[in-house]
file final15.cif (mmCIF, C-alpha atoms and all ligand atoms)
data_final
loop_
_atom_site.label_atom_id
_atom_site.label_comp_id
_atom_site.auth_asym_id
_atom_site.auth_seq_id
_atom_site.Cartn_x
_atom_site.Cartn_y
_atom_site.Cartn_z
CA MET R 1307 4.92 -34.61 41.03
CA ASP R 1308 6.34 -36.29 37.95
CA LYS R 1309 6.11 -40.02 37.63
CA THR R 1310 7.72 -42.16 34.94
CA PHE R 1311 7.07 -45.47 33.33
CA SER R 1312 9.81 -47.53 31.72
CA PHE R 1313 10.44 -51.18 31.05
CA ILE R 1314 13.27 -53.39 29.90
CA TYR R 1315 12.81 -55.70 26.94
CA LYS R 1316 15.16 -57.86 24.93
CA SER R 1317 16.18 -57.80 21.29
CA LEU R 1318 17.25 -61.33 20.38
CA ARG R 1319 18.33 -63.56 17.51
CA LEU R 1320 16.71 -66.95 16.84
CA SER R 1321 19.83 -68.69 18.16
CA GLU R 1322 19.26 -67.10 21.58
CA LEU R 1323 15.77 -68.57 22.05
CA ASN R 1324 15.04 -71.66 24.14
CA ASP R 1325 13.17 -74.68 22.75
CA VAL R 1326 9.74 -73.56 23.97
CA GLN R 1327 10.20 -70.08 22.50
CA LEU R 1328 11.34 -71.56 19.18
CA ARG R 1329 8.30 -73.83 19.11
CA LEU R 1330 6.02 -70.84 19.69
CA ILE R 1331 7.73 -68.73 17.02
CA ASN R 1332 7.39 -71.59 14.51
CA ALA R 1333 3.71 -71.96 15.44
CA CYS R 1334 2.93 -68.28 14.82
CA LYS R 1335 4.87 -68.30 11.54
CA ASN R 1336 2.89 -71.34 10.37
CA ALA R 1337 -0.36 -69.72 11.53
CA VAL R 1338 0.12 -66.93 8.97
CA SER R 1339 -1.18 -69.41 6.37
CA GLY R 1340 -4.64 -69.11 7.97
CA SER R 1341 -4.75 -65.36 7.46
CA TYR R 1342 -7.55 -63.90 5.31
CA ALA R 1343 -6.40 -60.41 4.43
CA PRO R 1344 -7.46 -59.51 0.87
CA TYR R 1345 -7.88 -55.82 1.79
CA SER R 1346 -4.58 -55.05 3.51
CA ASN R 1347 -2.45 -57.90 2.14
CA PHE R 1348 -0.90 -57.90 5.59
CA ASN R 1349 -0.95 -61.46 6.91
CA VAL R 1350 -0.51 -61.95 10.64
CA GLY R 1351 -0.16 -65.14 12.67
CA ALA R 1352 -0.30 -65.52 16.45
CA ALA R 1353 0.35 -68.45 18.78
CA VAL R 1354 -0.69 -68.66 22.43
CA LEU R 1355 1.08 -71.05 24.79
CA LEU R 1356 -1.09 -72.29 27.66
CA ASP R 1357 0.09 -73.51 31.06
CA ASN R 1358 -1.00 -77.02 30.01
CA ASP R 1359 1.63 -76.88 27.24
CA ILE R 1360 -0.97 -76.63 24.46
CA ILE R 1361 -0.43 -74.04 21.72
CA VAL R 1362 -3.49 -72.36 20.16
CA THR R 1363 -3.00 -70.35 16.99
CA GLY R 1364 -4.89 -67.65 15.12
CA ALA R 1365 -4.55 -65.41 12.08
CA ASN R 1366 -6.13 -62.11 11.08
CA GLN R 1367 -9.54 -62.33 9.44
CA GLU R 1368 -10.63 -59.34 7.38
CA ASN R 1369 -14.09 -58.41 6.13
CA VAL R 1370 -15.48 -56.20 3.39
CA ALA R 1371 -17.05 -54.22 6.25
CA TYR R 1372 -13.61 -53.34 7.58
CA PRO R 1373 -14.32 -52.99 11.34
CA SER R 1374 -15.87 -56.48 11.35
CA GLY R 1375 -12.43 -58.03 10.86
CA MET R 1376 -10.25 -59.31 13.68
CA CYS R 1377 -6.52 -59.26 14.50
CA ALA R 1378 -4.55 -62.48 14.74
CA GLU R 1379 -3.80 -61.96 18.43
CA ARG R 1380 -7.46 -61.75 19.43
CA VAL R 1381 -8.44 -64.67 17.18
CA ALA R 1382 -5.81 -66.78 18.95
CA MET R 1383 -6.51 -65.52 22.46
CA PHE R 1384 -10.29 -65.86 22.22
CA ALA R 1385 -9.93 -69.36 20.75
CA ALA R 1386 -7.55 -70.29 23.60
CA ASN R 1387 -9.91 -68.94 26.26
CA ALA R 1388 -12.96 -70.54 24.65
CA GLY R 1389 -11.33 -73.95 24.20
CA TYR R 1390 -9.39 -74.04 27.48
CA PRO R 1391 -11.12 -71.68 29.92
CA ASN R 1392 -9.23 -73.11 32.89
CA SER R 1393 -5.74 -72.87 31.39
CA ALA R 1394 -3.70 -69.70 31.74
CA PRO R 1395 -2.03 -68.27 28.64
CA ILE R 1396 1.65 -67.81 29.54
CA ALA R 1397 3.23 -66.72 26.25
CA LEU R 1398 2.20 -65.22 22.92
CA ALA R 1399 4.18 -65.04 19.68
CA ILE R 1400 3.34 -62.90 16.64
CA ALA R 1401 4.69 -62.89 13.09
CA ALA R 1402 3.54 -61.05 9.97
CA CYS R 1403 4.08 -61.29 6.22
CA GLN R 1404 3.79 -58.52 3.68
CA ASN R 1405 3.59 -59.67 0.05
CA GLY R 1406 4.47 -63.17 1.19
CA VAL R 1407 7.66 -62.20 3.02
CA PHE R 1408 8.09 -62.08 6.80
CA THR R 1409 8.60 -58.52 8.01
CA GLU R 1410 12.10 -57.43 8.99
CA LYS R 1411 10.83 -55.50 11.98
CA PRO R 1412 8.63 -57.27 14.53
CA VAL R 1413 4.94 -56.36 14.51
CA THR R 1414 3.55 -55.19 17.84
CA PRO R 1415 -0.02 -55.84 19.00
CA CYS R 1416 -2.53 -53.02 18.46
CA GLY R 1417 -4.14 -51.22 21.38
CA ALA R 1418 -7.35 -53.27 21.30
CA CYS R 1419 -5.35 -56.51 21.39
CA ARG R 1420 -3.27 -55.22 24.31
CA GLN R 1421 -6.51 -54.61 26.19
CA VAL R 1422 -7.67 -58.18 25.53
CA LEU R 1423 -4.29 -59.62 26.47
CA ILE R 1424 -4.08 -57.70 29.74
CA GLU R 1425 -7.54 -58.98 30.68
CA SER R 1426 -6.06 -62.48 30.52
CA GLU R 1427 -3.14 -61.49 32.77
CA LYS R 1428 -5.59 -60.14 35.34
CA ARG R 1429 -8.08 -63.01 34.97
CA PHE R 1430 -5.51 -65.76 35.49
CA GLY R 1431 -3.00 -63.84 37.61
CA ARG R 1432 -0.23 -64.91 35.21
CA SER R 1433 1.91 -62.64 33.10
CA ILE R 1434 2.10 -63.38 29.39
CA GLN R 1435 5.53 -63.31 27.81
CA VAL R 1436 5.32 -61.65 24.39
CA LEU R 1437 7.57 -62.72 21.52
CA LEU R 1438 7.52 -60.52 18.42
CA TYR R 1439 9.11 -62.09 15.37
CA GLY R 1440 10.99 -60.16 12.67
CA THR R 1441 13.70 -61.43 10.35
CA ASP R 1442 16.08 -58.72 11.67
CA GLU R 1443 15.35 -59.19 15.36
CA ILE R 1444 13.03 -60.87 17.81
CA ILE R 1445 11.67 -58.78 20.64
CA LEU R 1446 10.93 -60.40 23.98
CA ILE R 1447 8.72 -58.60 26.50
CA ASP R 1448 8.06 -60.06 29.97
CA SER R 1449 4.46 -58.97 30.40
CA VAL R 1450 1.57 -57.35 28.52
CA ALA R 1451 1.32 -54.94 31.47
CA ASP R 1452 4.53 -53.35 30.15
CA LEU R 1453 2.73 -52.58 26.88
CA LEU R 1454 -0.34 -51.02 28.51
CA PRO R 1455 0.59 -48.87 31.49
CA LEU R 1456 -2.21 -47.31 33.52
CA SER R 1457 -4.65 -49.76 31.98
CA PHE R 1458 -8.34 -49.28 32.59
CA GLU R 1459 -9.81 -50.76 35.75
CA PHE R 1460 -12.97 -50.27 37.75
N1 LIG R 1501 -3.29 -56.90 12.42
C1 LIG R 1501 -3.14 -57.99 13.21
O1 LIG R 1501 -3.70 -59.06 12.96
N2 LIG R 1501 -2.35 -57.86 14.30
C2 LIG R 1501 -1.61 -56.74 14.62
O2 LIG R 1501 -0.90 -56.73 15.59
C3 LIG R 1501 -1.69 -55.55 13.75
C4 LIG R 1501 -2.71 -55.60 12.68
C5 LIG R 1501 -4.10 -57.06 11.19
C6 LIG R 1501 -5.38 -56.30 11.13
C7 LIG R 1501 -5.57 -56.17 9.64
O3 LIG R 1501 -6.17 -57.36 9.16
C8 LIG R 1501 -4.18 -56.09 9.09
O4 LIG R 1501 -3.31 -56.62 10.10
C9 LIG R 1501 -3.72 -54.69 8.72
O5 LIG R 1501 -3.91 -53.80 9.76
#
call {"tool": "encode", "arguments": {"input": "final15.cif", "output": "structure tokens"}}
result
Amino acid sequence: MDKTFSFIYKSLRLSELNDVQLRLINACKNAVSGSYAPYSNFNVGAAVLLDNDIIVTGANQENVAYPSGMCAERVAMFAANAGYPNSAPIALAIAACQNGVFTEKPVTPCGACRQVLIESEKRFGRSIQVLLYGTDEIILIDSVADLLPLSFEF
């Protein structure tokens, strides 16, 4: 028996975003300034919106021992969970700069970050809306579960 997985997502312009989404996009763009990425020169910022209306930001942190570095999404999500363990993350925005310029295409979270993000959806029972910023388009995804089908469970 064949089974399929598909999901609908939106490709938007800035003018189509609501105030909360704009605030989150601005927060992740500003968060890029906290990036430490001397090895890749790829600077990423992330902003997590909590259900208490607080926004927690993060940026990628690289290390000379490459695997010791951390993506912006996990820096932001772990900081949000550590600082506000009783508040559910309800949205996440990501932006990236290459050579000081925001990317045209949106950057999508890596597999390890998707795993961390889906843990939050399961832990709090709340889906996380994902906003991916690019200068050409903004992608809006309703839930991290869409980005990680058949995710690991035991
Ligand atoms: N990176 C992120 O911070 N988030 C992503 O979604 C993709 C990759 C970082 C890791 C590394 O510091 C640099 O971007 C290049 O891979």
call {"tool": "atom_distance", "arguments": {"input": "final15.cif", "atom1": "CA of Ala1394 (chain R)", "atom2": "CA of Thr1409 (chain R)"}}
result
29.0 Å
call {"tool": "residues_around", "arguments": {"input": "final15.cif", "residues": "region 1349-1353 of chain R", "least_positions_apart": "3", "cutoff": "7 Å", "atoms": "all atoms listed in the file", "output": "ChimeraX atom specification"}}
result
/R:1330,1333-1335,1337-1338,1341,1343,1361-1366,1378-1379,1382,1398-1404
call {"tool": "residues_around", "arguments": {"input": "final15.cif", "residues": "Ile1447 (chain R)", "least_positions_apart": "5", "cutoff": "8 Å", "atoms": "all atoms listed in the file", "output": "number ranges by chain"}}
result
R: 1314-1316, 1435-1437, 1452
call {"tool": "closest_residue", "arguments": {"input": "final15.cif", "among": "R:Thr1414, R:Asn1358, R:Asn1369, R:Asn1324", "to": "ligand LIG 1501 (chain R)", "atoms": "all atoms listed in the file"}}
result
R:Thr1414
call {"tool": "residues_around", "arguments": {"input": "final15.cif", "residues": "region 1421-1428 of chain R", "least_positions_apart": "5", "cutoff": "10 Å", "atoms": "all atoms listed in the file", "output": "ChimeraX atom specification"}}
result
/R:1379-1380,1383-1384,1387,1394-1396,1398,1415-1416,1433-1434,1449-1454,1457-1459
call {"tool": "closest_residue", "arguments": {"input": "final15.cif", "among": "R:Gly1417, R:Gly1406, R:Glu1322, R:Ser1393", "to": "ligand LIG 1501 (chain R)", "atoms": "all atoms listed in the file"}}
result
R:Gly1417
call {"tool": "closest_residue", "arguments": {"input": "final15.cif", "among": "R:Met1376, R:Ile1445, R:Leu1438, R:Ala1418", "to": "ligand LIG 1501 (chain R)", "atoms": "only C-alpha atoms and all ligand atoms"}}
result
R:Met1376
call {"tool": "atom_distance", "arguments": {"input": "final15.cif", "atom1": "CA of Thr1441 (chain R)", "atom2": "CA of Leu1328 (chain R)"}}
result
13.6 Å
call {"tool": "closest_residue", "arguments": {"input": "final15.cif", "among": "R:Pro1455, R:Gly1375, R:Gly1431, R:Gly1389", "to": "ligand LIG 1501 (chain R)", "atoms": "all atoms listed in the file"}}
result
R:Gly1375
call {"tool": "residues_around", "arguments": {"input": "final15.cif", "residues": "Leu1318 (chain R)", "least_positions_apart": "6", "cutoff": "8 Å", "atoms": "only C-alpha atoms", "output": "PDB file with C-alpha atoms, in the frame of the given file"}}
result
ATOM      1  CA  GLU R1443      15.350 -59.190  15.360  1.00  0.00           C
ATOM      2  CA  ILE R1444      13.030 -60.870  17.810  1.00  0.00           C
ATOM      3  CA  ILE R1445      11.670 -58.780  20.640  1.00  0.00           C
ATOM      4  CA  LEU R1446      10.930 -60.400  23.980  1.00  0.00           C
TER       5      LEU R1446
END
call {"tool": "atom_distance", "arguments": {"input": "final15.cif", "atom1": "CA of Lys1411 (chain R)", "atom2": "CA of Val1370 (chain R)"}}
result
27.7 Å
call {"tool": "closest_residue", "arguments": {"input": "final15.cif", "among": "R:Val1413, R:Tyr1390, R:Phe1311, R:Asn1336", "to": "ligand LIG 1501 (chain R)", "atoms": "all atoms listed in the file"}}
result
R:Val1413
call {"tool": "closest_residue", "arguments": {"input": "final15.cif", "among": "R:Phe1408, R:Cys1377, R:Leu1356, R:Asn1347", "to": "Val1326 (chain R)", "atoms": "only C-alpha atoms"}}
result
R:Leu1356
call {"tool": "axis_aligned_box", "arguments": {"input": "final15.cif", "around": "ligand LIG 1501 (chain R)", "padding_each_side": "8 Å", "output": "lines of an AutoDock Vina configuration file"}}
result
center_x = -3.5
center_y = -56.4
center_z = 12.2
size_x = 21.3
size_y = 21.3
size_z = 22.9
call {"tool": "build_atoms", "arguments": {"input": "final15.cif", "residues": "region 1372-1389 of chain R", "atoms": "N, CA, C and O atoms", "output": "tab-separated table (two decimals), keeping the file's coordinate frame"}}
result
chain	number	residue	atom	x	y	z
R	1372	TYR	N	-14.93	-53.28	6.94
R	1372	TYR	CA	-13.61	-53.34	7.58
R	1372	TYR	C	-13.59	-53.56	9.11
R	1372	TYR	O	-12.85	-54.40	9.59
R	1373	PRO	N	-14.42	-52.82	9.88
R	1373	PRO	CA	-14.32	-52.99	11.34
R	1373	PRO	C	-14.78	-54.37	11.82
R	1373	PRO	O	-14.56	-54.72	12.98
R	1374	SER	N	-15.42	-55.15	10.93
R	1374	SER	CA	-15.87	-56.48	11.35
R	1374	SER	C	-14.73	-57.49	11.37
R	1374	SER	O	-14.91	-58.62	11.84
R	1375	GLY	N	-13.57	-57.13	10.86
R	1375	GLY	CA	-12.43	-58.03	10.86
R	1375	GLY	C	-11.83	-58.17	12.26
R	1375	GLY	O	-12.27	-57.52	13.21
R	1376	MET	N	-10.86	-59.06	12.36
R	1376	MET	CA	-10.25	-59.31	13.68
R	1376	MET	C	-8.75	-59.60	13.54
R	1376	MET	O	-8.32	-60.28	12.62
R	1377	CYS	N	-7.98	-59.05	14.47
R	1377	CYS	CA	-6.52	-59.26	14.50
R	1377	CYS	C	-6.19	-60.71	14.88
R	1377	CYS	O	-6.96	-61.37	15.60
R	1378	ALA	N	-5.03	-61.12	14.45
R	1378	ALA	CA	-4.55	-62.48	14.74
R	1378	ALA	C	-4.47	-62.75	16.24
R	1378	ALA	O	-4.83	-63.84	16.71
R	1379	GLU	N	-4.00	-61.76	16.99
R	1379	GLU	CA	-3.80	-61.96	18.43
R	1379	GLU	C	-5.11	-62.28	19.14
R	1379	GLU	O	-5.19	-63.15	20.00
R	1380	ARG	N	-6.17	-61.52	18.75
R	1380	ARG	CA	-7.46	-61.75	19.43
R	1380	ARG	C	-8.11	-63.04	18.94
R	1380	ARG	O	-8.76	-63.73	19.72
R	1381	VAL	N	-7.93	-63.38	17.66
R	1381	VAL	CA	-8.44	-64.67	17.18
R	1381	VAL	C	-7.81	-65.79	18.00
R	1381	VAL	O	-8.51	-66.70	18.49
R	1382	ALA	N	-6.51	-65.72	18.20
R	1382	ALA	CA	-5.81	-66.78	18.95
R	1382	ALA	C	-6.21	-66.78	20.43
R	1382	ALA	O	-6.49	-67.83	21.01
R	1383	MET	N	-6.24	-65.59	21.02
R	1383	MET	CA	-6.51	-65.52	22.46
R	1383	MET	C	-7.95	-65.92	22.77
R	1383	MET	O	-8.19	-66.67	23.73
R	1384	PHE	N	-8.90	-65.48	21.96
R	1384	PHE	CA	-10.29	-65.86	22.22
R	1384	PHE	C	-10.49	-67.36	22.00
R	1384	PHE	O	-11.23	-68.01	22.74
R	1385	ALA	N	-9.82	-67.92	20.99
R	1385	ALA	CA	-9.93	-69.36	20.75
R	1385	ALA	C	-9.33	-70.13	21.93
R	1385	ALA	O	-9.89	-71.15	22.38
R	1386	ALA	N	-8.21	-69.63	22.45
R	1386	ALA	CA	-7.55	-70.29	23.60
R	1386	ALA	C	-8.47	-70.25	24.82
R	1386	ALA	O	-8.67	-71.27	25.50
R	1387	ASN	N	-9.03	-69.09	25.09
R	1387	ASN	CA	-9.91	-68.94	26.26
R	1387	ASN	C	-11.20	-69.75	26.11
R	1387	ASN	O	-11.72	-70.29	27.08
R	1388	ALA	N	-11.71	-69.81	24.88
R	1388	ALA	CA	-12.96	-70.54	24.65
R	1388	ALA	C	-12.73	-72.05	24.72
R	1388	ALA	O	-13.57	-72.79	25.25
R	1389	GLY	N	-11.60	-72.51	24.21
R	1389	GLY	CA	-11.33	-73.95	24.20
R	1389	GLY	C	-10.79	-74.47	25.52
R	1389	GLY	O	-11.02	-75.64	25.87
